>>> print(open('protein-v3.csv').read())   # CSV, C-alpha atoms and all ligand atoms
chain,number,residue,atom,x,y,z
A,59,MET,CA,22.8,-3.6,-4.4
A,60,THR,CA,19.7,-3.5,-2.1
A,61,GLY,CA,19.5,-0.8,0.5
A,62,PRO,CA,18.1,-1.4,4.1
A,63,GLY,CA,14.8,0.2,3.0
A,64,GLU,CA,14.3,-2.1,0.0
A,65,SER,CA,13.2,-5.6,-0.7
A,66,SER,CA,14.1,-7.5,-3.8
A,67,ALA,CA,12.5,-10.0,-6.3
A,68,GLU,CA,14.9,-12.6,-5.0
A,69,THR,CA,13.9,-12.2,-1.4
A,70,LEU,CA,10.2,-12.2,-2.2
A,71,LEU,CA,10.3,-15.2,-4.6
A,72,ALA,CA,12.0,-17.3,-2.0
A,73,ARG,CA,8.6,-17.5,-0.2
A,74,PRO,CA,6.5,-20.3,-1.7
A,75,GLY,CA,3.3,-18.9,-3.3
A,76,VAL,CA,4.7,-15.5,-4.2
A,77,GLN,CA,4.0,-14.8,-7.9
A,78,ARG,CA,5.6,-12.1,-9.9
A,79,VAL,CA,3.5,-10.3,-12.6
A,80,PRO,CA,5.5,-10.9,-15.8
A,81,SER,CA,6.5,-7.5,-17.0
A,82,ASP,CA,9.7,-5.6,-17.4
A,83,LYS,CA,7.9,-2.3,-16.7
A,84,LEU,CA,7.9,-2.7,-12.9
A,85,GLU,CA,8.5,-5.2,-10.1
A,86,LEU,CA,5.0,-6.3,-8.9
A,87,PHE,CA,4.1,-9.4,-6.9
A,88,GLN,CA,1.1,-11.1,-5.2
A,89,LEU,CA,0.8,-13.7,-2.5
A,90,ARG,CA,-2.6,-15.2,-1.8
A,91,ASN,CA,-3.5,-16.1,1.8
A,92,PHE,CA,-0.6,-14.1,3.2
A,93,VAL,CA,-2.7,-13.1,6.2
A,94,SER,CA,-5.1,-15.4,8.1
A,95,PRO,CA,-8.8,-14.6,8.0
A,96,SER,CA,-8.8,-14.2,11.8
A,97,LEU,CA,-6.0,-11.6,11.8
A,98,CYS,CA,-7.8,-9.8,8.9
A,99,GLU,CA,-11.0,-9.7,11.0
A,100,THR,CA,-9.1,-8.2,13.9
A,101,LEU,CA,-7.5,-5.5,11.7
A,102,ILE,CA,-10.9,-4.7,10.2
A,103,ASP,CA,-12.2,-4.1,13.8
A,104,LEU,CA,-9.3,-1.8,14.5
A,105,ILE,CA,-10.0,0.2,11.3
A,106,GLU,CA,-13.7,0.5,12.2
A,107,LYS,CA,-12.8,1.8,15.6
A,108,ASP,CA,-10.4,4.6,14.4
A,109,ARG,CA,-11.4,5.6,10.9
A,110,ARG,CA,-11.5,9.2,9.7
A,111,PRO,CA,-11.7,10.8,6.3
A,112,SER,CA,-8.5,10.3,4.3
A,113,THR,CA,-6.0,13.1,3.8
A,114,LEU,CA,-3.5,13.3,1.0
A,115,ALA,CA,-0.3,15.0,0.1
A,116,ASP,CA,-0.4,17.3,-2.9
A,117,ALA,CA,-4.1,16.6,-3.3
A,118,GLY,CA,-4.7,20.0,-5.0
A,119,ASP,CA,-8.4,20.8,-4.8
A,120,ASP,CA,-9.8,17.5,-6.0
A,121,ARG,CA,-11.9,16.5,-3.0
A,122,TYR,CA,-12.9,13.3,-4.7
A,123,PHE,CA,-9.4,12.0,-5.4
A,124,ARG,CA,-9.3,9.8,-2.3
A,125,THR,CA,-12.7,9.3,-0.9
A,126,SER,CA,-12.0,6.4,1.4
A,127,GLU,CA,-11.5,6.6,5.2
A,128,THR,CA,-8.0,6.1,6.7
A,129,CYS,CA,-6.5,5.3,10.1
A,130,ASP,CA,-3.0,5.0,11.4
A,131,LEU,CA,-3.0,1.7,13.2
A,132,GLU,CA,-1.6,1.8,16.7
A,133,PRO,CA,1.9,0.1,16.8
A,134,GLU,CA,1.3,-1.3,20.3
A,135,GLU,CA,-1.8,-3.3,19.2
A,136,PRO,CA,-1.0,-7.1,19.2
A,137,ALA,CA,-2.6,-7.5,15.8
A,138,VAL,CA,-0.5,-4.7,14.4
A,139,ARG,CA,2.7,-6.2,15.8
A,140,GLU,CA,1.7,-9.6,14.3
A,141,MET,CA,1.2,-7.9,11.0
A,142,GLU,CA,4.6,-6.1,11.2
A,143,ALA,CA,6.3,-9.4,11.9
A,144,LEU,CA,4.7,-11.0,8.9
A,145,PHE,CA,5.9,-8.2,6.7
A,146,SER,CA,9.5,-8.2,7.9
A,147,ALA,CA,9.8,-12.0,7.6
A,148,LEU,CA,8.6,-11.8,4.0
A,149,ASN,CA,10.4,-8.7,2.7
A,150,GLY,CA,13.7,-8.5,4.6
A,151,ILE,CA,13.3,-4.8,5.0
A,152,ASP,CA,14.7,-3.2,8.1
A,153,PRO,CA,11.5,-2.4,10.1
A,154,THR,CA,12.9,1.0,11.1
A,155,HIS,CA,12.4,2.1,7.5
A,156,GLY,CA,8.7,1.4,7.6
A,157,GLU,CA,6.0,4.0,8.1
A,158,PRO,CA,3.2,3.2,10.6
A,159,LEU,CA,0.7,0.7,9.2
A,160,GLN,CA,-2.3,2.4,7.7
A,161,GLY,CA,-5.8,1.0,7.4
A,162,GLN,CA,-8.3,2.1,4.8
A,163,ARG,CA,-12.0,1.6,4.4
A,164,TYR,CA,-14.0,2.2,1.2
A,165,ASP,CA,-17.8,2.3,1.1
A,166,VAL,CA,-19.9,2.0,-2.0
A,167,GLY,CA,-18.8,4.6,-4.5
A,168,GLN,CA,-15.5,5.4,-2.8
A,169,GLU,CA,-12.2,5.1,-4.6
A,170,PHE,CA,-8.6,6.2,-4.7
A,171,LYS,CA,-8.0,7.7,-8.2
A,172,PRO,CA,-4.9,6.8,-10.2
A,173,HIS,CA,-1.8,7.9,-8.3
A,174,CYS,CA,1.8,6.9,-7.4
A,175,ASP,CA,2.8,6.2,-3.9
A,176,TYR,CA,6.2,7.9,-4.2
A,177,PHE,CA,6.4,11.7,-3.6
A,178,ASN,CA,7.0,14.3,-6.3
A,179,ARG,CA,10.5,15.7,-5.7
A,180,ASP,CA,9.3,19.0,-7.2
A,181,GLY,CA,6.1,19.1,-5.2
A,182,GLN,CA,5.5,21.5,-2.4
A,183,ASP,CA,5.2,18.7,0.1
A,184,TRP,CA,8.5,17.1,-0.6
A,185,ASP,CA,10.3,18.8,2.4
A,186,LYS,CA,7.4,18.2,4.7
A,187,TYR,CA,7.1,14.5,4.0
A,188,CYS,CA,10.5,13.4,2.9
A,189,SER,CA,13.2,15.5,4.5
A,190,VAL,CA,13.8,13.0,7.3
A,191,ALA,CA,13.1,9.6,5.8
A,192,GLY,CA,13.5,10.2,2.1
A,193,GLN,CA,11.5,8.8,-0.7
A,194,ARG,CA,9.1,5.9,-0.5
A,195,THR,CA,10.7,2.7,-1.8
A,196,TRP,CA,8.3,-0.3,-1.6
A,197,THR,CA,4.6,-0.6,-1.1
A,198,PHE,CA,3.0,-3.7,0.6
A,199,MET,CA,-0.8,-3.8,0.6
A,200,VAL,CA,-3.2,-6.4,1.9
A,201,TYR,CA,-6.9,-6.9,1.2
A,202,LEU,CA,-8.7,-7.7,4.4
A,203,ASN,CA,-11.9,-9.0,2.9
A,204,ASP,CA,-13.7,-10.1,-0.3
A,205,VAL,CA,-15.7,-7.3,-1.8
A,206,GLU,CA,-19.1,-8.2,-3.4
A,207,ALA,CA,-18.5,-6.0,-6.5
A,208,GLY,CA,-15.8,-3.5,-7.6
A,209,GLY,CA,-12.9,-2.3,-5.5
A,210,ALA,CA,-10.1,-3.8,-7.7
A,211,THR,CA,-6.7,-2.2,-7.8
A,212,ARG,CA,-5.7,-1.4,-11.4
A,213,PHE,CA,-2.2,-0.9,-12.8
A,214,LYS,CA,-2.9,0.8,-16.1
A,215,ALA,CA,0.6,0.7,-17.6
A,216,ILE,CA,0.4,-3.1,-17.7
A,217,LYS,CA,-3.4,-3.5,-17.8
A,218,LYS,CA,-3.4,-5.6,-14.7
A,219,ASN,CA,-6.3,-5.6,-12.1
A,220,PHE,CA,-6.1,-7.2,-8.7
A,221,GLN,CA,-9.4,-8.3,-7.1
A,222,PRO,CA,-9.8,-7.9,-3.4
A,223,GLU,CA,-9.5,-11.3,-1.6
A,224,THR,CA,-9.3,-11.9,2.1
A,225,GLY,CA,-5.6,-12.0,3.1
A,226,LYS,CA,-4.1,-11.4,-0.4
A,227,LEU,CA,-0.9,-9.3,-0.5
A,228,VAL,CA,0.0,-7.2,-3.5
A,229,CYS,CA,3.4,-5.5,-3.3
A,230,TRP,CA,5.7,-3.5,-5.7
A,231,ASN,CA,8.9,-1.6,-6.0
A,232,ASN,CA,8.1,2.1,-6.6
A,233,MET,CA,11.6,2.6,-8.0
A,234,ARG,CA,13.4,1.4,-11.1
A,235,PRO,CA,16.7,-0.5,-10.8
A,236,ASP,CA,18.6,2.8,-11.3
A,237,GLY,CA,16.8,4.3,-8.2
A,238,SER,CA,14.6,6.7,-10.1
A,239,GLU,CA,10.8,6.8,-9.5
A,240,ASN,CA,8.8,4.4,-11.7
A,241,PRO,CA,5.6,6.0,-13.2
A,242,ASN,CA,4.5,2.5,-14.3
A,243,THR,CA,3.6,1.9,-10.7
A,244,ILE,CA,0.6,4.3,-11.0
A,245,HIS,CA,-2.4,2.5,-9.7
A,246,HIS,CA,-6.1,3.1,-9.1
A,247,GLY,CA,-8.2,1.8,-6.1
A,248,MET,CA,-11.3,1.5,-8.2
A,249,LYS,CA,-14.8,2.3,-6.9
A,250,VAL,CA,-16.5,-0.2,-4.7
A,251,ARG,CA,-19.8,-1.2,-6.3
A,252,ARG,CA,-21.3,-3.4,-3.7
A,253,GLY,CA,-20.1,-4.1,-0.1
A,254,VAL,CA,-17.3,-2.5,1.9
A,255,LYS,CA,-13.6,-2.8,1.1
A,256,TYR,CA,-10.8,-2.8,3.8
A,257,VAL,CA,-7.1,-2.7,3.1
A,258,ILE,CA,-3.9,-2.1,5.0
A,259,THR,CA,-0.9,-0.5,3.5
A,260,LYS,CA,2.7,-0.5,4.6
A,261,TRP,CA,5.1,1.9,2.9
A,262,TYR,CA,8.9,1.9,3.3
A,263,ARG,CA,11.4,4.7,3.0
A,264,GLU,CA,15.0,5.1,1.9
A,265,ARG,CA,16.1,6.1,5.4
A,266,PRO,CA,14.8,5.3,8.9
A,267,TRP,CA,11.4,6.7,9.6
A,268,GLY,CA,12.4,8.1,13.1
A,269,TRP,CA,9.9,6.1,15.3
A,301,LIG,O1,-7.2,0.4,-2.2
A,301,LIG,C1,-6.5,0.2,-3.2
A,301,LIG,O2,-6.8,-0.7,-4.0
A,301,LIG,C2,-5.3,1.0,-3.4
A,301,LIG,C3,-4.8,1.7,-2.1
A,301,LIG,C4,-3.6,2.5,-2.4
A,301,LIG,O3,-3.3,2.7,-3.6
A,301,LIG,C5,-2.9,3.2,-1.4
A,301,LIG,O4,-3.3,3.1,-0.2
A,301,LIG,O5,-1.9,3.9,-1.7
A,302,FE,FE,-1.4,3.8,-3.6
>>> encode(input="protein-v3.csv", output="structure tokens", more="lines below")
Ligand SMILES: O=C(O)CCC(=O)C(=O)O
Ligand SMILES: [Fe+2]
Amino acid sequence: MTGPGESSAETLLARPGVQRVPSDKLELFQLRNFVSPSLCETLIDLIEKDRRPSTLADAGDDRYFRTSETCDLEPEEPAVREMEALFSALNGIDPTHGEPLQGQRYDVGQEFKPHCDYFNRDGQDWDKYCSVAGQRTWTFMVYLNDVEAGGATRFKAIKKNFQPETGKLVCWNNMRPDGSENPNTIHHGMKVRRGVKYVITKWYRERPWGW
């Protein structure tokens, strides 16, 4: 049974070009050329306009955990609307369960250390971030550009790296089939070695986000 805040392997694989990473440890997919180069460029321009240093839930005192810059992309922007439409056509998730689209920019040496996207139910931030919309279910992430060197996303549990590539989507289920959080989804946005890396991330929740 799939909830309104969830996608499924069946839904995603119905789209030509979607590839599932063969593993029984997690549900993980990629789709090359999901987003056109021109839409990627427009989104990069929006990120450049609005970027600010990233913040993080439960970051502790590790200031270097997530060193990239983040921005919440304005839902009214035509490019953001277009992006949202692409996501909902692909994943079948009720858009009301989506968080606002986030953009991220990594300069040389910046990274997002290994982490999971779901929230820790015992953490001090659970109530603050999850009391309304519940846990994060699925993550959809798109690379907006090719990076000269570095910047791959690594899933250590299955020794799989994704290289940034303009318009490439990577998405995964943060949950196991029984609804528990899946630690095999831990991933690392590795350091950019040369160039700048831009991504957008769309997270979904168990319950409506309350837009
Ligand atoms: O930039 C990446 O490769 C990973 C980004 C990420 O993990 C996130 O935004 O949650
Ligand atoms: Fe992440």
>>> residues_near_ligand(input="protein-v3.csv", ligand="ligand LIG 301 (chain A)", cutoff="7 Å", atoms="only C-alpha atoms and all ligand atoms", output="list of chain:residue names")
A:Phe170, A:Asp175, A:Gly209, A:Ala210, A:Thr211, A:His245, A:His246, A:Gly247, A:Met248, A:Val257, A:Thr259
>>> residues_around(input="protein-v3.csv", residues="Leu227 (chain A)", least_positions_apart="4", cutoff="7 Å", atoms="all atoms listed in the file", output="list in words")
Gln88, Leu89, Arg90, Phe92, Phe198, Met199, Val200 and Tyr201 of chain A
>>> closest_residue(input="protein-v3.csv", among="A:Glu264, A:Glu106, A:Asp236, A:Glu169", to="ligand FE 302 (chain A)", atoms="only C-alpha atoms and all ligand atoms")
A:Glu169
>>> residues_around(input="protein-v3.csv", residues="region 124-139 of chain A", least_positions_apart="6", cutoff="7 Å", atoms="all atoms listed in the file", output="PyMOL selection string")
chain A and resi 97+100-101+105+108-112+158-164+168-171
>>> atom_distance(input="protein-v3.csv", atom1="CA of Glu223 (chain A)", atom2="CA of Asp204 (chain A)")
4.6 Å
>>> atom_distance(input="protein-v3.csv", atom1="CA of Arg251 (chain A)", atom2="CA of Cys98 (chain A)")
21.2 Å
>>> atom_distance(input="protein-v3.csv", atom1="CA of Trp267 (chain A)", atom2="CA of His155 (chain A)")
5.2 Å
>>> closest_residue(input="protein-v3.csv", among="A:Asn91, A:His173, A:Asp82, A:Asn242", to="ligand FE 302 (chain A)", atoms="only C-alpha atoms and all ligand atoms")
A:His173
>>> residues_around(input="protein-v3.csv", residues="Val205 (chain A)", least_positions_apart="2", cutoff="8 Å", atoms="all atoms listed in the file", output="list in words")
Asn203, Ala207, Gly208, Gly209, Pro222, Glu223, Val250, Arg252, Gly253, Val254 and Lys255 of chain A
>>> write_last_selection(input="protein-v3.csv", atoms="C-alpha atoms", output="compact mmCIF listing (two decimals), in the frame of the given file")
# COMPACT_ATOMS: atom_id res chain seq x y z
CA ASN A 203 -11.90 -9.00 2.90
CA ALA A 207 -18.50 -6.00 -6.50
CA GLY A 208 -15.80 -3.50 -7.60
CA GLY A 209 -12.90 -2.30 -5.50
CA PRO A 222 -9.80 -7.90 -3.40
CA GLU A 223 -9.50 -11.30 -1.60
CA VAL A 250 -16.50 -0.20 -4.70
CA ARG A 252 -21.30 -3.40 -3.70
CA GLY A 253 -20.10 -4.10 -0.10
CA VAL A 254 -17.30 -2.50 1.90
CA LYS A 255 -13.60 -2.80 1.10
>>> closest_residue(input="protein-v3.csv", among="A:Lys249, A:Arg194, A:Arg179, A:Arg212", to="Asn231 (chain A)", atoms="all atoms listed in the file")
A:Arg194
>>> closest_residue(input="protein-v3.csv", among="A:Gly167, A:Gly150, A:Gly237, A:Pro172", to="ligand FE 302 (chain A)", atoms="only C-alpha atoms and all ligand atoms")
A:Pro172
>>> closest_residue(input="protein-v3.csv", among="A:Phe87, A:Tyr256, A:Phe220, A:Tyr176", to="ligand FE 302 (chain A)", atoms="all atoms listed in the file")
A:Tyr176
>>> closest_residue(input="protein-v3.csv", among="A:Val190, A:Val166, A:Cys229, A:Ile244", to="Glu206 (chain A)", atoms="all atoms listed in the file")
A:Val166
>>> residues_around(input="protein-v3.csv", residues="Glu85 (chain A)", least_positions_apart="5", cutoff="8 Å", atoms="all atoms listed in the file", output="list in words")
Ala67, Arg78, Val79, Trp230 and Asn231 of chain A
